[in-house]
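Asks: TSV, C-alpha atoms and all ligand atoms, saved as data08.tsv, coming up:
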```
chain	number	residue	atom	x	y	z
A	1417	GLU	CA	87.47	-36.62	24.62
A	1418	THR	CA	84.03	-35.01	24.92
A	1419	VAL	CA	81.86	-33.93	27.85
A	1420	VAL	CA	78.18	-33.02	28.06
A	1421	VAL	CA	77.37	-29.74	29.84
A	1422	THR	CA	73.69	-29.36	30.75
A	1423	GLY	CA	72.02	-25.94	30.64
A	1424	ALA	CA	74.91	-24.57	28.54
A	1425	SER	CA	73.10	-21.25	28.00
A	1426	GLY	CA	73.20	-20.48	31.74
A	1427	TYR	CA	75.59	-18.07	33.47
A	1428	ILE	CA	77.90	-20.66	35.04
A	1429	ALA	CA	77.49	-23.41	32.43
A	1430	ALA	CA	78.61	-21.12	29.58
A	1431	HIS	CA	81.88	-20.53	31.45
A	1432	VAL	CA	82.20	-24.25	32.16
A	1433	CYS	CA	81.87	-24.99	28.42
A	1434	ASP	CA	84.39	-22.23	27.67
A	1435	GLN	CA	87.02	-23.68	30.02
A	1436	PHE	CA	86.65	-27.21	28.65
A	1437	LEU	CA	86.91	-25.90	25.06
A	1438	LYS	CA	90.00	-23.82	25.96
A	1439	ARG	CA	91.68	-27.04	27.10
A	1440	GLY	CA	90.93	-28.80	23.83
A	1441	LEU	CA	88.06	-31.04	24.94
A	1442	GLY	CA	84.88	-31.41	22.95
A	1443	VAL	CA	81.65	-30.10	24.49
A	1444	VAL	CA	78.04	-31.09	23.81
A	1445	GLY	CA	75.86	-28.43	25.43
A	1446	THR	CA	72.20	-29.05	26.19
A	1447	VAL	CA	69.94	-26.00	25.80
A	1448	ARG	CA	66.20	-25.44	26.05
A	1449	SER	CA	65.82	-23.82	22.63
A	1450	ALA	CA	67.59	-23.75	19.27
A	1451	ASP	CA	68.01	-19.95	19.58
A	1452	LYS	CA	70.07	-20.36	22.73
A	1453	GLY	CA	72.14	-23.05	21.04
A	1454	ALA	CA	72.77	-20.88	17.99
A	1455	TYR	CA	74.00	-18.03	20.20
A	1456	LEU	CA	76.55	-20.35	21.81
A	1457	ALA	CA	77.60	-21.91	18.50
A	1458	SER	CA	78.45	-18.45	17.23
A	1459	LEU	CA	80.27	-17.56	20.48
A	1460	TRP	CA	82.50	-20.63	20.02
A	1461	LYS	CA	82.85	-20.58	16.21
A	1462	LYS	CA	86.63	-20.70	16.55
A	1463	TYR	CA	86.42	-24.17	18.10
A	1464	GLY	CA	84.74	-25.60	14.99
A	1465	ASP	CA	82.92	-28.86	15.60
A	1466	LYS	CA	84.42	-29.18	19.10
A	1467	PHE	CA	81.24	-27.48	20.31
A	1468	ARG	CA	77.78	-28.66	19.38
A	1469	TYR	CA	74.43	-28.39	21.06
A	1470	VAL	CA	71.40	-30.60	21.59
A	1471	VAL	CA	67.98	-29.09	22.34
A	1472	VAL	CA	66.43	-30.59	25.49
A	1473	PRO	CA	63.27	-28.53	26.11
A	1474	ASP	CA	62.34	-30.22	29.39
A	1475	MET	CA	64.88	-31.92	31.63
A	1476	GLN	CA	62.10	-33.62	33.60
A	1477	VAL	CA	61.31	-35.98	30.73
A	1478	GLU	CA	62.79	-39.43	31.30
A	1479	GLY	CA	65.68	-40.17	28.98
A	1480	CYS	CA	65.95	-36.51	27.89
A	1481	PHE	CA	69.76	-36.36	28.15
A	1482	ASP	CA	70.47	-39.76	26.56
A	1483	GLU	CA	71.04	-38.45	23.04
A	1484	ALA	CA	73.37	-35.68	24.23
A	1485	ALA	CA	75.43	-38.06	26.38
A	1486	SER	CA	75.87	-40.73	23.73
A	1487	GLY	CA	79.59	-40.97	22.83
A	1488	CYS	CA	80.68	-38.69	25.69
A	1489	GLN	CA	83.19	-39.67	28.39
A	1490	GLY	CA	82.17	-37.05	30.96
A	1491	PHE	CA	78.91	-35.56	32.15
A	1492	ILE	CA	78.82	-32.11	33.74
A	1493	HIS	CA	75.36	-31.45	35.16
A	1494	VAL	CA	74.92	-27.74	35.79
A	1495	ALA	CA	71.27	-27.06	34.92
A	1496	SER	CA	68.90	-26.49	37.83
A	1497	PRO	CA	66.29	-23.81	38.49
A	1498	PHE	CA	67.84	-20.96	40.48
A	1499	PHE	CA	65.42	-18.29	41.60
A	1500	THR	CA	64.00	-17.38	45.00
A	1501	GLU	CA	61.37	-14.76	44.13
A	1502	ASN	CA	57.84	-15.38	42.81
A	1503	VAL	CA	57.93	-18.97	44.02
A	1504	THR	CA	54.26	-19.96	44.14
A	1505	ASP	CA	54.63	-23.74	43.81
A	1506	PRO	CA	58.06	-24.64	45.20
A	1507	MET	CA	57.80	-28.35	44.50
A	1508	ALA	CA	56.83	-27.90	40.84
A	1509	GLN	CA	59.08	-24.89	40.15
A	1510	LEU	CA	62.25	-25.82	42.05
A	1511	VAL	CA	62.36	-29.20	43.74
A	1512	GLU	CA	60.94	-31.53	41.08
A	1513	PRO	CA	63.02	-30.13	38.18
A	1514	ALA	CA	66.19	-30.27	40.31
A	1515	LEU	CA	65.57	-33.88	41.34
A	1516	LYS	CA	64.31	-35.19	38.00
A	1517	GLY	CA	67.01	-33.31	36.08
A	1518	THR	CA	69.67	-34.91	38.28
A	1519	ARG	CA	68.18	-38.39	37.92
A	1520	ASN	CA	67.98	-38.03	34.14
A	1521	ALA	CA	71.58	-36.74	34.01
A	1522	LEU	CA	72.92	-39.66	36.04
A	1523	THR	CA	70.92	-42.21	34.08
A	1524	ALA	CA	72.17	-40.77	30.78
A	1525	ALA	CA	75.76	-40.82	32.05
A	1526	GLN	CA	75.38	-44.45	33.02
A	1527	LYS	CA	73.82	-45.51	29.71
A	1528	ALA	CA	76.55	-43.69	27.77
A	1529	GLY	CA	79.33	-45.31	29.82
A	1530	CYS	CA	80.67	-41.97	31.08
A	1531	LYS	CA	83.54	-42.32	33.54
A	1532	ARG	CA	82.83	-39.29	35.68
A	1533	VAL	CA	79.92	-36.99	36.52
A	1534	VAL	CA	80.59	-33.53	37.91
A	1535	LEU	CA	77.49	-32.07	39.56
A	1536	THR	CA	77.11	-28.34	40.19
A	1537	SER	CA	75.65	-28.50	43.66
A	1538	SER	CA	75.93	-25.48	45.95
A	1539	PHE	CA	77.02	-24.14	49.31
A	1540	ALA	CA	73.23	-24.14	49.81
A	1541	ALA	CA	73.55	-27.92	50.32
A	1542	VAL	CA	76.15	-27.30	53.06
A	1543	TYR	CA	75.05	-24.19	54.97
A	1544	ARG	CA	72.80	-24.21	58.01
A	1545	GLY	CA	71.33	-20.89	59.10
A	1546	SER	CA	70.73	-22.37	62.55
A	1547	GLN	CA	74.46	-22.93	63.11
A	1548	PRO	CA	75.82	-20.77	65.96
A	1549	LEU	CA	78.69	-18.53	64.79
A	1550	PRO	CA	81.64	-18.35	64.51
A	1551	TYR	CA	81.75	-21.60	62.57
A	1552	LEU	CA	83.89	-22.95	59.75
A	1553	PHE	CA	81.83	-24.91	57.21
A	1554	THR	CA	83.64	-27.81	55.54
A	1555	GLU	CA	82.70	-30.50	53.04
A	1556	ARG	CA	81.49	-32.63	55.95
A	1557	ASP	CA	78.58	-30.26	56.62
A	1558	TRP	CA	75.10	-30.68	55.21
A	1559	ASN	CA	72.13	-28.35	55.14
A	1560	THR	CA	69.67	-30.00	57.50
A	1561	ASP	CA	67.57	-26.83	57.93
A	1562	SER	CA	65.84	-26.06	54.63
A	1563	LYS	CA	62.38	-27.44	54.01
A	1564	PRO	CA	61.30	-27.84	50.37
A	1565	GLU	CA	57.78	-26.54	50.97
A	1566	ASP	CA	58.81	-23.36	52.82
A	1567	GLY	CA	59.11	-21.24	49.67
A	1568	GLY	CA	61.70	-18.70	48.49
A	1569	ASP	CA	65.31	-19.21	49.59
A	1570	ASP	CA	64.45	-22.27	51.63
A	1571	SER	CA	62.89	-24.14	48.75
A	1572	TYR	CA	65.83	-23.35	46.47
A	1573	MET	CA	68.29	-24.46	49.14
A	1574	ALA	CA	66.30	-27.62	49.76
A	1575	SER	CA	66.18	-28.33	46.01
A	1576	LYS	CA	69.98	-28.24	45.85
A	1577	THR	CA	70.39	-30.32	49.01
A	1578	LEU	CA	67.94	-32.99	47.89
A	1579	ALA	CA	69.40	-33.11	44.37
A	1580	GLU	CA	72.96	-33.58	45.67
A	1581	LYS	CA	71.84	-36.20	48.18
A	1582	SER	CA	69.97	-38.09	45.48
A	1583	ALA	CA	73.13	-38.10	43.34
A	1584	TRP	CA	75.24	-39.61	46.13
A	1585	GLU	CA	72.55	-42.20	46.74
A	1586	PHE	CA	72.46	-43.03	43.02
A	1587	VAL	CA	76.21	-43.77	42.86
A	1588	LYS	CA	76.19	-45.71	46.13
A	1589	ALA	CA	73.18	-47.83	45.27
A	1590	SER	CA	74.71	-49.88	42.49
A	1591	ASN	CA	77.79	-50.31	40.37
A	1592	VAL	CA	77.00	-47.39	38.08
A	1593	GLY	CA	80.31	-47.38	36.21
A	1594	PHE	CA	81.10	-43.72	36.86
A	1595	ASP	CA	82.25	-41.72	39.84
A	1596	LEU	CA	80.81	-38.45	41.12
A	1597	VAL	CA	82.40	-35.12	42.09
A	1598	THR	CA	80.27	-32.27	43.42
A	1599	MET	CA	81.04	-28.55	43.30
A	1600	ASN	CA	79.65	-26.61	46.27
A	1601	PRO	CA	80.15	-22.91	45.52
A	1602	PRO	CA	78.59	-20.01	47.43
A	1603	LEU	CA	77.49	-16.90	45.48
A	1604	VAL	CA	79.02	-16.92	42.00
A	1605	VAL	CA	79.86	-13.50	40.55
A	1606	GLY	CA	82.01	-12.15	37.70
A	1607	PRO	CA	81.53	-11.44	33.99
A	1608	ALA	CA	78.72	-13.11	32.04
A	1609	ILE	CA	79.50	-14.59	28.61
A	1610	HIS	CA	76.06	-16.06	27.91
A	1611	ASN	CA	73.34	-13.93	26.29
A	1612	ALA	CA	72.65	-11.63	29.26
A	1613	SER	CA	71.38	-8.11	29.78
A	1614	LEU	CA	70.59	-5.99	32.84
A	1615	THR	CA	66.95	-7.05	32.64
A	1616	SER	CA	67.73	-10.77	32.38
A	1617	LEU	CA	70.51	-11.23	34.93
A	1618	ASN	CA	70.71	-14.58	36.67
A	1619	THR	CA	69.95	-14.60	40.39
A	1620	SER	CA	73.51	-14.22	41.74
A	1621	LEU	CA	74.49	-11.32	39.46
A	1622	GLU	CA	71.16	-9.63	40.19
A	1623	MET	CA	71.92	-9.80	43.92
A	1624	VAL	CA	75.08	-7.73	43.40
A	1625	HIS	CA	73.54	-5.54	40.70
A	1626	ARG	CA	70.90	-4.40	43.20
A	1627	TYR	CA	73.58	-2.63	45.24
A	1628	VAL	CA	74.67	-0.51	42.27
A	1629	SER	CA	71.35	0.16	40.57
A	1630	GLY	CA	69.39	2.12	43.15
A	1631	HIS	CA	67.29	-0.87	44.18
A	1632	TYR	CA	68.11	-0.13	47.82
A	1633	ALA	CA	67.53	3.29	49.36
A	1634	PRO	CA	70.80	5.16	50.10
A	1635	ASP	CA	70.17	4.91	53.84
A	1636	THR	CA	69.71	1.14	53.76
A	1637	ILE	CA	71.98	-0.75	56.12
A	1638	PRO	CA	73.07	-3.87	54.28
A	1639	LYS	CA	72.57	-6.94	56.46
A	1640	GLY	CA	74.45	-10.20	56.51
A	1641	GLY	CA	76.81	-11.44	53.86
A	1642	MET	CA	77.75	-14.32	51.60
A	1643	GLY	CA	80.59	-16.47	50.43
A	1644	PHE	CA	81.73	-15.37	46.97
A	1645	VAL	CA	83.60	-17.00	44.12
A	1646	HIS	CA	84.61	-15.76	40.66
A	1647	VAL	CA	82.67	-17.51	37.89
A	1648	VAL	CA	85.85	-18.32	35.94
A	1649	ASP	CA	87.48	-19.84	39.04
A	1650	LEU	CA	84.39	-22.01	39.49
A	1651	ALA	CA	84.47	-23.05	35.82
A	1652	ILE	CA	88.14	-24.01	36.16
A	1653	ALA	CA	87.22	-26.00	39.27
A	1654	HIS	CA	84.73	-28.00	37.16
A	1655	VAL	CA	87.52	-28.89	34.71
A	1656	LEU	CA	89.89	-29.85	37.54
A	1657	ALA	CA	87.12	-31.89	39.15
A	1658	TYR	CA	86.80	-33.79	35.88
A	1659	THR	CA	90.53	-34.25	35.20
A	1660	THR	CA	91.89	-34.95	38.70
A	1661	PRO	CA	91.67	-38.74	39.30
A	1662	SER	CA	91.89	-38.41	43.11
A	1663	ALA	CA	88.85	-36.09	43.19
A	1664	SER	CA	86.74	-39.23	42.77
A	1665	ASN	CA	83.62	-39.31	44.96
A	1666	ASN	CA	84.34	-36.07	46.78
A	1667	ARG	CA	82.54	-32.83	47.47
A	1668	PHE	CA	84.47	-29.56	47.10
A	1669	LEU	CA	83.72	-26.15	48.56
A	1670	ILE	CA	84.76	-23.71	45.82
A	1671	SER	CA	84.91	-20.38	47.61
A	1672	ASP	CA	87.10	-17.29	47.51
A	1673	GLY	CA	85.98	-15.90	50.85
A	1674	VAL	CA	83.05	-14.63	52.89
A	1675	TYR	CA	82.15	-10.93	52.82
A	1676	SER	CA	79.38	-8.92	54.40
A	1677	TRP	CA	77.17	-6.83	52.11
A	1678	GLN	CA	78.42	-3.80	54.07
A	1679	GLN	CA	81.97	-4.74	53.04
A	1680	VAL	CA	80.81	-5.17	49.43
A	1681	CYS	CA	79.25	-1.68	49.53
A	1682	ASP	CA	82.38	-0.19	51.09
A	1683	MET	CA	84.53	-1.76	48.37
A	1684	ILE	CA	82.28	-0.60	45.51
A	1685	ARG	CA	82.01	2.92	46.92
A	1686	ALA	CA	85.81	3.11	47.22
A	1687	GLU	CA	86.41	1.80	43.68
A	1688	TYR	CA	83.67	3.75	41.86
A	1689	PRO	CA	83.35	7.38	42.99
A	1690	ALA	CA	80.61	7.88	40.37
A	1691	LEU	CA	78.42	5.31	42.15
A	1692	ARG	CA	78.68	6.87	45.60
A	1693	ASP	CA	75.17	8.23	45.54
A	1694	VAL	CA	73.67	4.93	44.44
A	1695	VAL	CA	75.40	2.37	46.66
A	1696	PRO	CA	73.98	2.31	50.20
A	1697	VAL	CA	76.34	3.86	52.77
A	1698	GLY	CA	75.17	1.76	55.70
A	1699	LYS	CA	77.71	1.73	58.52
A	1700	PRO	CA	81.10	1.71	56.83
A	1701	ARG	CA	83.64	-0.73	58.26
A	1702	GLU	CA	81.15	-2.23	60.73
A	1703	TYR	CA	81.13	-5.86	59.77
A	1704	PRO	CA	79.08	-8.65	61.36
A	1705	ILE	CA	80.44	-12.05	62.34
A	1706	LEU	CA	79.60	-14.39	59.48
A	1707	GLU	CA	80.02	-18.06	58.71
A	1708	ALA	CA	83.42	-19.08	57.36
A	1709	ILE	CA	83.95	-21.46	54.42
A	1710	ASP	CA	86.97	-23.77	54.30
A	1711	ASN	CA	88.42	-23.88	50.76
A	1712	THR	CA	91.56	-25.82	51.79
A	1713	LYS	CA	90.49	-29.08	50.16
A	1714	SER	CA	89.94	-27.36	46.80
A	1715	LYS	CA	93.47	-25.93	46.96
A	1716	THR	CA	95.31	-29.05	48.09
A	1717	GLU	CA	93.38	-31.69	46.13
A	1718	LEU	CA	92.31	-29.82	42.99
A	1719	GLY	CA	95.10	-27.24	42.89
A	1720	MET	CA	92.65	-24.34	42.93
A	1721	SER	CA	93.72	-20.74	43.41
A	1722	TYR	CA	91.32	-17.83	43.72
A	1723	ARG	CA	91.49	-14.39	42.14
A	1724	GLY	CA	90.13	-12.42	45.09
A	1725	MET	CA	87.14	-10.28	45.95
A	1726	LYS	CA	88.48	-7.10	44.31
A	1727	ALA	CA	88.56	-8.80	40.91
A	1728	ILE	CA	85.18	-10.45	41.49
A	1729	LEU	CA	83.48	-7.12	42.18
A	1730	LYS	CA	85.38	-5.02	39.65
A	1731	GLU	CA	84.74	-7.35	36.72
A	1732	SER	CA	81.04	-7.57	37.57
A	1733	VAL	CA	80.42	-3.88	38.17
A	1734	ASP	CA	82.44	-2.94	35.06
A	1735	GLN	CA	80.20	-5.24	33.03
A	1736	PHE	CA	77.02	-3.80	34.59
A	1737	LEU	CA	78.20	-0.33	33.59
A	1738	THR	CA	78.98	-1.49	30.05
A	1739	MET	CA	75.57	-3.16	29.77
A	1740	LYS	CA	73.97	0.08	30.92
A	1741	GLY	CA	75.88	1.90	28.23
A	1742	THR	CA	77.85	4.15	30.55
A	1743	GLY	CA	80.97	2.02	30.91
B	1	LIG	P1	71.24	-19.65	35.49
B	1	LIG	O1	69.85	-19.33	35.85
B	1	LIG	O2	71.98	-18.76	34.57
B	1	LIG	O3	71.35	-21.12	34.94
B	1	LIG	C1	70.44	-22.12	35.24
B	1	LIG	C2	70.52	-23.13	34.11
B	1	LIG	O4	69.60	-24.19	34.34
B	1	LIG	C3	70.13	-22.50	32.77
B	1	LIG	O5	70.85	-23.10	31.75
B	1	LIG	C4	68.66	-22.85	32.65
B	1	LIG	O6	68.25	-22.93	31.30
B	1	LIG	C5	68.66	-24.22	33.28
B	1	LIG	N1	67.36	-24.54	33.84
B	1	LIG	C6	66.72	-23.91	34.84
B	1	LIG	N2	65.54	-24.46	35.09
B	1	LIG	C7	65.42	-25.48	34.22
B	1	LIG	C8	64.41	-26.43	33.96
B	1	LIG	N3	63.27	-26.47	34.66
B	1	LIG	N4	64.63	-27.33	32.96
B	1	LIG	C9	65.76	-27.29	32.23
B	1	LIG	N5	66.76	-26.41	32.45
B	1	LIG	C10	66.58	-25.53	33.41
B	1	LIG	O7	72.00	-19.75	36.88
B	1	LIG	P2	73.47	-20.18	37.27
B	1	LIG	O8	74.33	-20.31	36.08
B	1	LIG	O9	73.86	-19.28	38.34
B	1	LIG	O10	73.22	-21.61	37.90
B	1	LIG	C11	73.76	-22.79	37.36
B	1	LIG	C12	73.88	-23.85	38.42
B	1	LIG	O11	74.76	-23.40	39.44
B	1	LIG	C13	72.58	-24.24	39.12
B	1	LIG	O12	72.62	-25.63	39.37
B	1	LIG	C14	72.67	-23.47	40.44
B	1	LIG	O13	71.92	-24.09	41.46
B	1	LIG	C15	74.16	-23.58	40.71
B	1	LIG	N6	74.70	-22.58	41.63
B	1	LIG	C16	74.68	-21.25	41.31
B	1	LIG	C17	75.23	-20.31	42.16
B	1	LIG	C18	75.28	-18.86	41.83
B	1	LIG	O14	75.58	-18.06	42.72
B	1	LIG	N7	75.01	-18.46	40.61
B	1	LIG	C19	75.78	-20.71	43.46
B	1	LIG	C20	75.78	-22.13	43.69
B	1	LIG	C21	75.27	-23.02	42.80
B	1	LIG	P3	67.95	-21.59	30.45
B	1	LIG	O15	69.28	-21.02	30.07
B	1	LIG	O16	67.20	-22.08	29.28
B	1	LIG	O17	67.13	-20.69	31.34
```
Can the structure in the file be given as structure tokens, please?
Replies:
Amino acid sequence: ETVVVTGASGYIAAHVCDQFLKRGLGVVGTVRSADKGAYLASLWKKYGDKFRYVVVPDMQVEGCFDEAASGCQGFIHVASPFFTENVTDPMAQLVEPALKGTRNALTAAQKAGCKRVVLTSSFAAVYRGSQPLPYLFTERDWNTDSKPEDGGDDSYMASKTLAEKSAWEFVKASNVGFDLVTMNPPLVVGPAIHNASLTSLNTSLEMVHRYVSGHYAPDTIPKGGMGFVHVVDLAIAHVLAYTTPSASNNRFLISDGVYSWQQVCDMIRAEYPALRDVVPVGKPREYPILEAIDNTKSKTELGMSYRGMKAILKESVDQFLTMKGTG
């Protein structure tokens, strides 16, 4: 049994490939360049021909995933642009690639006769900033706030919302021959296994890295917070979403818990005395009311368990220190 994983050289997708390979499935990873593919092939040498890659330079080209999907039973669509800074043309940089990539993924899955598509959507497709708090977000919620043309965070969040919506419309519109499961994680953190360095961190790791790298002045008061999930837990969730028959046509919030950035700073300062001068002090133990994220469905229907915020932060910060050469 073999699955396609799109954007295999990305932070989350590399872990998704890794978890499928660990369970004995074959993986065809799509990558944007042969160099990125070669890096992964060497990472997974021990799996022999169970891992191979196909170069897809532009996922907006119609039919681009057809070759990769041919002969595969599952399609795991992870690739999507994820950045919120330097967005000058939100439609061209974020929204169009997300939508066209999703359409090309679903079309390829259909042509190949795949039985299930797992789509890496996001909590961004669920969350509404306008929602009065306290509030518990569930899989029934949709982001109805974000406008694609607004730039930055909003355009990214809209790109994820529109892409997920288009996928549900695609499977409802006709008898496509496969079912769909979406993963809706909040901020994904934990060790990177793809080819990453401190100057090329993906957006979610960079958000945490900024608290330990002097990006914020020591007297900054960290505002707000996020839901967090460990990248390996999310990768395992993708496998369970693929292998659990009853997951069919469901969304799943894959979240460990919600933490304020103040709480994150407090935890890092407690764990790493050497970083005390770098991590903002803020107002220790003063935590705002934040949204809550219901992960019950992931536990009862997929059998998920979560490794906790301490592990999420420790494994990330340890890796940042190693990358810096001081770990
Ligand atoms: P990365 O930036 O590491 O991965 C993004 C992946 O998409 C990469 O493989 C990248 O290819 C590929 N990609 C981006 N833009 C394009 C494009 N225009 N055409 C083709 N491929 C493209 O980020 P993550 O691993 O964090 O994100 C992976 C997925 O998870 C995305 O769908 C994201 O929205 C979603 N997600 C991430 C969260 C997080 O906190 N990290 C939270 C919730 C959802 P390349 O490697 O060549 O750059």
Asks: So that I can check the surroundings of Tyr1703 (chain A), please list as a PyMOL selection string every protein, DNA and RNA residue that reaches within 9 Å of it, counting only C-alpha atoms and ignoring chain neighbours fewer than 4 positions away.
Replies: chain A and resi 1640+1675-1679+1699
Asks: Within 6 Å of ligand LIG 1 (chain B), which residues of chain A show up? Give each one with its shortest atom-to-atom distance in Å (one decimal) and the two atoms involved, counting only C-alpha atoms and all ligand atoms, rows by chain then rising residue number, as a Markdown table.
Replies:
```
| residue | atom | partner | partner_atom | distance |
| --- | --- | --- | --- | --- |
| A:Gly1423 | CA | B:LIG1 | O5 | 3.3 |
| A:Ala1424 | CA | B:LIG1 | O5 | 5.4 |
| A:Ser1425 | CA | B:LIG1 | O15 | 4.4 |
| A:Gly1426 | CA | B:LIG1 | O5 | 3.5 |
| A:Tyr1427 | CA | B:LIG1 | O8 | 3.7 |
| A:Ile1428 | CA | B:LIG1 | O8 | 3.7 |
| A:Ala1429 | CA | B:LIG1 | O8 | 5.7 |
| A:Val1447 | CA | B:LIG1 | O16 | 5.9 |
| A:Arg1448 | CA | B:LIG1 | O16 | 4.8 |
| A:Asp1474 | CA | B:LIG1 | N4 | 5.1 |
| A:Met1475 | CA | B:LIG1 | C9 | 4.8 |
| A:Val1494 | CA | B:LIG1 | O12 | 4.7 |
| A:Ala1495 | CA | B:LIG1 | O4 | 3.4 |
| A:Ser1496 | CA | B:LIG1 | O12 | 4.1 |
| A:Pro1497 | CA | B:LIG1 | N2 | 3.5 |
| A:Phe1498 | CA | B:LIG1 | O13 | 5.2 |
| A:Pro1513 | CA | B:LIG1 | N3 | 5.1 |
| A:Thr1536 | CA | B:LIG1 | O12 | 5.3 |
| A:Ser1537 | CA | B:LIG1 | C21 | 5.6 |
| A:Ser1538 | CA | B:LIG1 | C20 | 4.0 |
| A:Pro1601 | CA | B:LIG1 | C20 | 4.8 |
| A:Pro1602 | CA | B:LIG1 | C19 | 4.9 |
| A:Leu1603 | CA | B:LIG1 | O14 | 3.6 |
| A:Val1604 | CA | B:LIG1 | O14 | 3.7 |
| A:Asn1618 | CA | B:LIG1 | O2 | 4.8 |
| A:Ser1620 | CA | B:LIG1 | O14 | 4.5 |
```
Asks: Restricting the calculation to all atoms listed in the file: of A:Val1421, A:Leu1441, A:Ala1454, A:Ala1612, which residue gets closest to Leu1535 (chain A)?
Replies: A:Val1421
Asks: Using CA of Thr1738 (chain A) and CA of Tyr1632 (chain A) as the two end points, give the distance in Å to one decimal.
Replies: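 It comes out at 20.9 Å.
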Asks: Name the residues in contact with Arg1667 (chain A) at a cut-off of 7 Å, using all atoms listed in the file, excluding same-chain residues fewer than 2 positions from it; report them as a PyMOL selection string.
Replies: chain A and resi 1555+1597-1600+1669
Asks: Go ahead and compute the interatomic distance for CA of Ser1486 (chain A) and CA of Gly1453 (chain A), in Å to one decimal.
Replies: 18.3 Å
Asks: Extract, using all atoms listed in the file, all DNA, RNA and protein residues at most 9 Å from Asp1434 (chain A), discarding same-chain residues fewer than 3 positions from it, and format them as an NGL selection string.
Replies: :A and (1429-1431 or 1437-1439 or 1443 or 1460 or 1651)
Asks: Considering all atoms listed in the file, return as number ranges by chain whatever protein or nucleic-acid residues lie within 12 Å of Phe1594 (chain A), sequence-local ones (same chain, fewer than 5 positions apart) excluded.
Replies: A: 1489-1491, 1522-1534, 1583-1584, 1586-1588, 1658, 1661, 1664-1665
Asks: Have a look at CA of Gly1593 (chain A) and CA of Ala1657 (chain A) and let me know their distance in Å, one decimal.
Replies: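 For CA of Gly1593 (chain A) relative to CA of Ala1657 (chain A), the distance reads 17.2 Å.
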Asks: Go ahead and find all residues with at least one atom no further than 12 Å from (67.1, -14.0, 47.1) in the file's coordinates, using all atoms listed in the file; report them as a PDB file with C-alpha atoms, in the coordinates of the input.
Replies:
```pdb
ATOM      1  CA  PHE A1498      67.840 -20.960  40.480  1.00  0.00           C
ATOM      2  CA  PHE A1499      65.420 -18.290  41.600  1.00  0.00           C
ATOM      3  CA  THR A1500      64.000 -17.380  45.000  1.00  0.00           C
ATOM      4  CA  GLU A1501      61.370 -14.760  44.130  1.00  0.00           C
ATOM      5  CA  ASN A1502      57.840 -15.380  42.810  1.00  0.00           C
ATOM      6  CA  VAL A1503      57.930 -18.970  44.020  1.00  0.00           C
ATOM      7  CA  GLY A1567      59.110 -21.240  49.670  1.00  0.00           C
ATOM      8  CA  GLY A1568      61.700 -18.700  48.490  1.00  0.00           C
ATOM      9  CA  ASP A1569      65.310 -19.210  49.590  1.00  0.00           C
ATOM     10  CA  ASP A1570      64.450 -22.270  51.630  1.00  0.00           C
ATOM     11  CA  SER A1571      62.890 -24.140  48.750  1.00  0.00           C
ATOM     12  CA  TYR A1572      65.830 -23.350  46.470  1.00  0.00           C
ATOM     13  CA  MET A1573      68.290 -24.460  49.140  1.00  0.00           C
ATOM     14  CA  LEU A1603      77.490 -16.900  45.480  1.00  0.00           C
ATOM     15  CA  ASN A1618      70.710 -14.580  36.670  1.00  0.00           C
ATOM     16  CA  THR A1619      69.950 -14.600  40.390  1.00  0.00           C
ATOM     17  CA  SER A1620      73.510 -14.220  41.740  1.00  0.00           C
ATOM     18  CA  LEU A1621      74.490 -11.320  39.460  1.00  0.00           C
ATOM     19  CA  GLU A1622      71.160  -9.630  40.190  1.00  0.00           C
ATOM     20  CA  MET A1623      71.920  -9.800  43.920  1.00  0.00           C
ATOM     21  CA  VAL A1624      75.080  -7.730  43.400  1.00  0.00           C
ATOM     22  CA  ARG A1626      70.900  -4.400  43.200  1.00  0.00           C
ATOM     23  CA  MET A1642      77.750 -14.320  51.600  1.00  0.00           C
TER      24      MET A1642
END
```
Asks: Between A:Thr1446, A:Gln1547, A:Thr1554, A:Asn1559, which is the closest to Asn1711 (chain A) once you count only C-alpha atoms?
Replies: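 Smallest separation from Asn1711 (chain A) among the options: A:Thr1554.
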Asks: Please define a box with edges along x, y and z of the file around all atoms of region 1639-1642 of chain A given in the file, extend it by 8 Å on each side, and return its centre and edge lengths in Å to one decimal, as JSON.
Replies:
```
{"center_x": 75.2, "center_y": -10.6, "center_z": 54.1, "size_x": 21.2, "size_y": 23.4, "size_z": 20.9}
```
Asks: With distances taken over all atoms listed in the file, which of A:Gly1445, A:Gly1643, A:Pro1564, A:Gly1440 is nearest to Met1725 (chain A)?
Replies: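 For Met1725 (chain A), the nearest of the candidates is A:Gly1643.
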Asks: Smallest atom-to-atom distance to Tyr1722 (chain A): which of A:Asp1649, A:Asp1734, A:Asp1693, A:Asp1482, using all atoms listed in the file?
Replies: A:Asp1649
Asks: For each of A:Ala1589, A:Ala1727, A:Ile1492, A:Cys1681, take the minimum atom-to-atom distance to Val1648 (chain A), counting only C-alpha atoms, then give the residue where this is smallest.
Replies: A:Ala1727
Asks: Taking into account only C-alpha atoms, which residue in the set A:Tyr1543, A:His1654, A:Ser1629, A:Thr1716 is nearest to Gln1435 (chain A)?
Replies: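 Distance minimum relative to Gln1435 (chain A) lands on A:His1654.
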